[in-house]
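So the structure is just underneath, and the comments pick up after that.
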Amino acid sequence: TQVDVKAIEPNRRILVEWSSPESKPTTVEWRFDPRSRDTTFVTITNTGFSGSGDQVVSQAIDSMGGFSLVLAGLKAFLEHGIRLNLIADRFPEGIER
């Protein structure tokens with residue numbers, strides 16, 4: 001996956017554009033909203049999917065699943081110091097296809 005960082009606002013926002021050889025680039029934005037002294041609400045928005053309606057829905061669901069998996073792993077690490085190894089377990093043969 002090719003990732004181009006478009007903007008970084010420390011403690012507030014990260015904006016990237018990414019693409020793979022088989023897809024057009026999409027834009028991903030992470031927003032960090034402080035809720036209390038030790039709590040931050042993270043919102044991830046992935047836009048720019050292309051194709052038929054069914055293809056766009058499939059891409060959006062795949063994206064949501066991937067980000068949910070990574071956020072769950074980060075939450076376990078940050079709150080409990082547990083490394084869940086989610087990415088390596090999801091792709092035991094490696095991330096390459």
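Chains: A, B, ... in order of the structure tokens. Residues: from 1 per chain. Ligands: from 1, in order shown.
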Can you list, as a list in words, every protein, DNA or RNA residue that comes within 12 Å of A:Ser68 when you count only C-alpha atoms, leaving out same-chain residues fewer than 3 positions away?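 Contacts, with the query itself left out: Val42, Thr43, Ile44, Thr45, Ile61, Asp62, Ser63, Met64, Gly65, Leu71, Ala72, Gly73, Leu74, Lys75, Leu86 and Ile87 of chain A.
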Pick out each residue of chain A that DSSP on the backbone tags as strand (DSSP E); I need them as number ranges by chain. A: 2-9, 13-19, 26-36, 39-47
A:Thr26, A:Ala76, A:Phe67, A:Glu93: which is nearest A:Ser50, counting only C-alpha atoms?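 Nearest to A:Ser50: A:Thr26.
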Applying 12 Å and only C-alpha atoms, which residues near A:Gly51 remain after dropping the ones on its own chain fewer than 4 positions away? List them as a ChimeraX atom specification. /A:23-24,55-60
Those same residues, written as a compact mmCIF listing (two decimals), in the first residue's frame with all heavy atoms?
# COMPACT_ATOMS: atom_id res chain seq x y z
N SER A 23 -6.46 -0.57 -6.62
CA SER A 23 -7.53 0.37 -6.29
C SER A 23 -7.08 1.82 -6.46
O SER A 23 -5.89 2.12 -6.40
CB SER A 23 -8.01 0.15 -4.86
OG SER A 23 -7.00 0.49 -3.94
N LYS A 24 -8.06 2.69 -6.63
CA LYS A 24 -7.79 4.13 -6.67
C LYS A 24 -7.51 4.61 -5.26
O LYS A 24 -7.95 4.01 -4.28
CB LYS A 24 -9.01 4.87 -7.23
CG LYS A 24 -9.24 4.64 -8.69
CD LYS A 24 -10.39 5.51 -9.17
CE LYS A 24 -10.57 5.39 -10.67
NZ LYS A 24 -11.64 6.26 -11.14
N GLN A 55 -19.64 -2.43 -4.96
CA GLN A 55 -18.19 -2.36 -4.74
C GLN A 55 -17.83 -1.34 -3.67
O GLN A 55 -16.96 -1.59 -2.83
CB GLN A 55 -17.47 -2.03 -6.05
CG GLN A 55 -17.51 -3.15 -7.06
CD GLN A 55 -17.01 -2.70 -8.42
OE1 GLN A 55 -17.26 -1.57 -8.87
NE2 GLN A 55 -16.31 -3.60 -9.11
N VAL A 56 -18.49 -0.20 -3.70
CA VAL A 56 -18.24 0.84 -2.69
C VAL A 56 -18.62 0.33 -1.31
O VAL A 56 -17.86 0.49 -0.34
CB VAL A 56 -18.99 2.14 -3.04
CG1 VAL A 56 -18.97 3.12 -1.87
CG2 VAL A 56 -18.39 2.78 -4.28
N VAL A 57 -19.76 -0.33 -1.20
CA VAL A 57 -20.19 -0.88 0.10
C VAL A 57 -19.17 -1.92 0.59
O VAL A 57 -18.77 -1.92 1.75
CB VAL A 57 -21.60 -1.50 0.00
CG1 VAL A 57 -21.94 -2.32 1.23
CG2 VAL A 57 -22.64 -0.40 -0.20
N SER A 58 -18.71 -2.78 -0.30
CA SER A 58 -17.74 -3.81 0.07
C SER A 58 -16.43 -3.18 0.56
O SER A 58 -15.86 -3.60 1.57
CB SER A 58 -17.47 -4.72 -1.12
OG SER A 58 -16.49 -5.68 -0.81
N GLN A 59 -15.96 -2.16 -0.15
CA GLN A 59 -14.73 -1.48 0.25
C GLN A 59 -14.89 -0.79 1.61
O GLN A 59 -13.98 -0.84 2.45
CB GLN A 59 -14.33 -0.44 -0.80
CG GLN A 59 -13.91 -1.04 -2.13
CD GLN A 59 -13.79 0.04 -3.18
OE1 GLN A 59 -13.07 1.02 -3.01
NE2 GLN A 59 -14.49 -0.13 -4.29
N ALA A 60 -16.05 -0.16 1.81
CA ALA A 60 -16.29 0.53 3.07
C ALA A 60 -16.35 -0.45 4.24
O ALA A 60 -15.77 -0.20 5.31
CB ALA A 60 -17.58 1.35 2.99
Neighbouring residues of stretch 8-22 of chain A were defined as those with any atom within 12 Å, considering only C-alpha atoms; residues of the same chain fewer than 2 positions away were excluded. Please report them as a PyMOL selection string. chain A and resi 1-6+24-34+40-50+63+96-97
Convert the current residue selection to file output with N, CA and C atoms, as a CSV table (one decimal), in the first residue's frame.
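Full text of result37.csv as output:
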chain,number,residue,atom,x,y,z
A,1,THR,N,0.8,-1.2,0.0
A,1,THR,CA,0.0,0.0,0.0
A,1,THR,C,0.9,1.2,0.0
A,2,GLN,N,0.6,2.2,-0.9
A,2,GLN,CA,1.3,3.5,-0.9
A,2,GLN,C,0.5,4.4,0.0
A,3,VAL,N,1.2,5.1,0.9
A,3,VAL,CA,0.6,6.0,1.8
A,3,VAL,C,1.3,7.4,1.7
A,4,ASP,N,0.5,8.4,1.4
A,4,ASP,CA,1.0,9.8,1.4
A,4,ASP,C,0.4,10.6,2.5
A,5,VAL,N,1.2,11.1,3.4
A,5,VAL,CA,0.7,11.9,4.5
A,5,VAL,C,0.4,13.3,3.9
A,6,LYS,N,-0.8,13.8,4.1
A,6,LYS,CA,-1.2,15.1,3.6
A,6,LYS,C,-1.2,16.1,4.7
A,24,LYS,N,-8.1,2.7,-6.6
A,24,LYS,CA,-7.8,4.1,-6.7
A,24,LYS,C,-7.5,4.6,-5.3
A,25,PRO,N,-6.8,5.7,-5.1
A,25,PRO,CA,-6.5,6.3,-3.8
A,25,PRO,C,-7.8,6.6,-3.0
A,26,THR,N,-7.8,6.4,-1.7
A,26,THR,CA,-8.8,6.9,-0.8
A,26,THR,C,-8.1,7.8,0.2
A,27,THR,N,-9.0,8.6,0.9
A,27,THR,CA,-8.5,9.5,1.9
A,27,THR,C,-8.9,9.0,3.3
A,28,VAL,N,-8.0,9.0,4.2
A,28,VAL,CA,-8.3,8.5,5.5
A,28,VAL,C,-7.9,9.6,6.5
A,29,GLU,N,-8.8,10.0,7.4
A,29,GLU,CA,-8.6,11.0,8.4
A,29,GLU,C,-8.9,10.4,9.8
A,30,TRP,N,-7.9,10.6,10.6
A,30,TRP,CA,-8.0,10.3,12.0
A,30,TRP,C,-8.2,11.6,12.8
A,31,ARG,N,-9.2,11.6,13.6
A,31,ARG,CA,-9.4,12.8,14.5
A,31,ARG,C,-9.4,12.3,15.9
A,32,PHE,N,-8.7,13.1,16.8
A,32,PHE,CA,-8.5,12.8,18.2
A,32,PHE,C,-9.2,13.9,19.0
A,33,ASP,N,-10.2,13.5,19.7
A,33,ASP,CA,-11.0,14.4,20.5
A,33,ASP,C,-10.8,14.1,22.0
A,34,PRO,N,-10.1,15.0,22.7
A,34,PRO,CA,-9.9,14.7,24.2
A,34,PRO,C,-11.2,14.8,24.9
A,40,THR,N,-9.3,9.8,25.2
A,40,THR,CA,-9.4,10.4,23.8
A,40,THR,C,-10.4,9.6,23.0
A,41,PHE,N,-11.3,10.3,22.3
A,41,PHE,CA,-12.2,9.6,21.4
A,41,PHE,C,-11.6,9.7,20.0
A,42,VAL,N,-11.4,8.6,19.3
A,42,VAL,CA,-10.8,8.5,18.0
A,42,VAL,C,-11.9,8.3,17.0
A,43,THR,N,-11.9,9.1,15.9
A,43,THR,CA,-12.8,9.0,14.8
A,43,THR,C,-12.0,8.8,13.5
A,44,ILE,N,-12.3,7.7,12.8
A,44,ILE,CA,-11.6,7.5,11.5
A,44,ILE,C,-12.6,7.5,10.4
A,45,THR,N,-12.3,8.3,9.4
A,45,THR,CA,-13.2,8.5,8.2
A,45,THR,C,-12.4,8.1,7.0
A,46,ASN,N,-12.9,7.2,6.2
A,46,ASN,CA,-12.2,6.8,4.9
A,46,ASN,C,-13.2,7.1,3.8
A,47,THR,N,-12.7,8.0,2.9
A,47,THR,CA,-13.6,8.4,1.8
A,47,THR,C,-12.9,8.2,0.5
A,48,GLY,N,-13.7,8.3,-0.6
A,48,GLY,CA,-13.2,8.3,-2.0
A,48,GLY,C,-13.2,6.9,-2.6
A,49,PHE,N,-14.1,6.0,-2.1
A,49,PHE,CA,-14.2,4.7,-2.7
A,49,PHE,C,-14.8,4.9,-4.1
A,50,SER,N,-14.5,3.9,-5.0
A,50,SER,CA,-15.0,4.0,-6.4
A,50,SER,C,-15.5,2.7,-6.8
A,63,SER,N,-12.8,-1.7,5.0
A,63,SER,CA,-12.1,-0.6,5.6
A,63,SER,C,-12.5,-0.5,7.1
A,96,GLU,N,1.8,-9.2,2.4
A,96,GLU,CA,1.9,-9.2,0.9
A,96,GLU,C,0.8,-10.2,0.4
A,97,ARG,N,0.3,-10.0,-0.8
A,97,ARG,CA,-0.7,-10.9,-1.4
A,97,ARG,C,0.0,-11.6,-2.5
Check the DSSP output for the backbone and give back, as a PyMOL selection string, the residues of chain A in alpha helix (DSSP H). chain A and resi 53-80+86-90
